[in-house]
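Peer 1: Got a structure here, written out as structure tokens. Questions coming.
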Amino acid sequence: MVSKEEWDRLCHEFISRGVTLVAVSKTKPLADIRELYALGQRDFGENYVREMVEKYTDLPADIHWHFIGHLQSNKVKNIAPFVYLIHSVDSFKLLEEVNKQALKYGRKIDVLLQMYIASEETKFGMDEKEIIVLLDHYDARKEQLQNVRICGLMGMATNTDNEAKIRSDFFKLHNFFVFLKDTSFFAKEYFSVCSMGMSSDYQLAIEEGSNMVRIGSLLFGVRN
Ligand SMILES: *Cc1c(COP(=O)(O)O)cnc(C)c1O
């Protein structure tokens, strides 16, 4: 677990740079989450539906639960009653399902669109064209999609030691984020979140314009 001194230093850095810290607690026990909660942390990220539901049930109600993993449409209903922000919307079908479940619970659910920026085969997300197509669909169906708010983009850089490559991945995401923010063809009142950066690359991400970082191992220690 992160030391109190290191925690204070990190929080100061994020607050002074206008960056929201999502503490990624996946695989970590409730006791670890409670420890960070006691230090003031309220935003936690999980990547499995069942694990997030269990933790939500057992922990204080003022926690903001961020869903950051790949989300299957048939599982949206389990997190819809309480999820704070879904970072990983990667299809129009999933967006429609989030809207449907949000409506059922009388909520508006905030989401980010996951963009594929890494030069790898394994990561989920959409490319620029697919995002534009999704936003076109969204724009055409806005009246029916009032229970979902598209609040920004999320992405993961290539898993590499090459800083220049990581930086160029983040640059690409931020550049597209700014482009969409400036474009008027969809409801953009809420479009303000650029979620990028993890334990190994958050400094580069912030330098490239991130305003939300998702950090796990640096806070909780390495996962098994
Ligand atoms: C696990 C995970 C993180 C955090 O990774 P760390 O390297 O432990 O900081 C961030 N984002 C996503 C999408 C993740 O799945």
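Residue numbers start at 1 in each chain; chains themselves are named A, B, ... in the order of the structure tokens; ligands are numbered from 1 in the order shown.
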Just the residues within 7 Å of Tyr84 (chain A), please, counting only C-alpha atoms, with nothing from its chain fewer than 6 positions along; format it as a PyMOL selection string.
Peer 2: chain A and resi 64-66+110
Peer 1: Those same residues - N, CA and C atoms - I'd like them written as a compact mmCIF listing (two decimals), in the first residue's frame.
Peer 2:
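Saved to again.txt:
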```txt
# COMPACT_ATOMS: atom_id res chain seq x y z
N HIS A 64 -17.61 6.75 -5.60
CA HIS A 64 -17.91 6.81 -7.03
C HIS A 64 -17.29 5.59 -7.69
N TRP A 65 -18.13 4.71 -8.21
CA TRP A 65 -17.63 3.47 -8.84
C TRP A 65 -17.47 3.68 -10.34
N HIS A 66 -16.22 3.52 -10.81
CA HIS A 66 -15.91 3.66 -12.23
C HIS A 66 -15.75 2.27 -12.83
N ASP A 110 -23.37 8.41 -16.99
CA ASP A 110 -22.26 9.02 -17.73
C ASP A 110 -21.35 7.94 -18.29
```
Peer 1: Just want the residues within 7 Å of ligand 1, written as a PyMOL selection string, counting only C-alpha atoms and all ligand atoms.
Peer 2: chain A and resi 24+26+47+68-69+156+198-200+214-218+222
Peer 1: Selected residues, C-alpha atoms, written as a compact mmCIF listing (two decimals), in the first residue's frame, please.
Peer 2:
```txt
# COMPACT_ATOMS: atom_id res chain seq x y z
CA VAL A 24 -8.05 1.01 -9.55
CA LYS A 26 -9.53 -4.60 -9.02
CA ASN A 47 -13.02 -4.09 -14.36
CA ILE A 68 -13.08 0.46 -16.62
CA GLY A 69 -13.12 -3.07 -18.08
CA MET A 156 -4.70 2.85 -23.11
CA MET A 198 -2.00 4.20 -15.54
CA SER A 199 0.73 3.50 -12.97
CA SER A 200 3.54 3.20 -15.49
CA ARG A 214 -6.60 5.27 -13.56
CA ILE A 215 -3.96 4.05 -11.14
CA GLY A 216 -3.83 0.65 -9.46
CA SER A 217 -0.48 -0.94 -8.63
CA LEU A 218 1.23 2.31 -7.68
CA VAL A 222 1.36 -5.16 -7.64
```
Peer 1: So how far away is CA of Ala102 (chain A) from CA of Ile86 (chain A), in Å?
Peer 2: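 According to the coordinates, CA of Ile86 (chain A) and CA of Ala102 (chain A) are separated by 12.0 Å.
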Peer 1: Closest to Phe92 (chain A) among A:Val178, A:Leu135, A:Ile150, A:Val193, using only C-alpha atoms?
Peer 2: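 For Phe92 (chain A), the nearest of the candidates is A:Leu135.
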Peer 1: Compile the contact shell of His87 (chain A) as a PyMOL selection string: residues with an atom at most 12 Å away, counting only C-alpha atoms, same-chain residues fewer than 5 positions apart removed.
Peer 2: chain A and resi 22+45-47+65-71+95+109-115+124-125+149-156+193-196+212-214
Peer 1: Considering only C-alpha atoms, return as a VMD selection string whatever protein or nucleic-acid residues lie within 8 Å of region 7-20 of chain A, sequence-local ones (same chain, fewer than 5 positions apart) excluded.
Peer 2: chain A and resid 2 206 210 to 213 219
Peer 1: By how many Å are CA of Ala118 (chain A) and CA of Ala157 (chain A) apart?
Peer 2: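 So the two atoms, CA of Ala118 (chain A) and CA of Ala157 (chain A), lie 4.9 Å apart.
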Peer 1: Would you please work out which residue, of A:Phe170, A:Phe220, A:Tyr56, A:Phe44, is nearest to Gln203 (chain A) when using only C-alpha atoms?
Peer 2: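 Under the stated criterion, the closest residue is A:Phe170.
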Peer 1: Can you tell me, as an MDAnalysis selection string, what residues are no more than 8 Å from Lys172 (chain A) when counting only C-alpha atoms, ignoring any on the same chain fewer than 4 positions away?
Peer 2: chainID A and resid 117 168 176
Peer 1: Give me, as a ChimeraX atom specification, the residues of region 65-218 of chain A that a backbone DSSP run labels helix (DSSP H, G or I).
Peer 2: /A:73-79,92-104,128-140,142-144,163-182,202-207,217-218
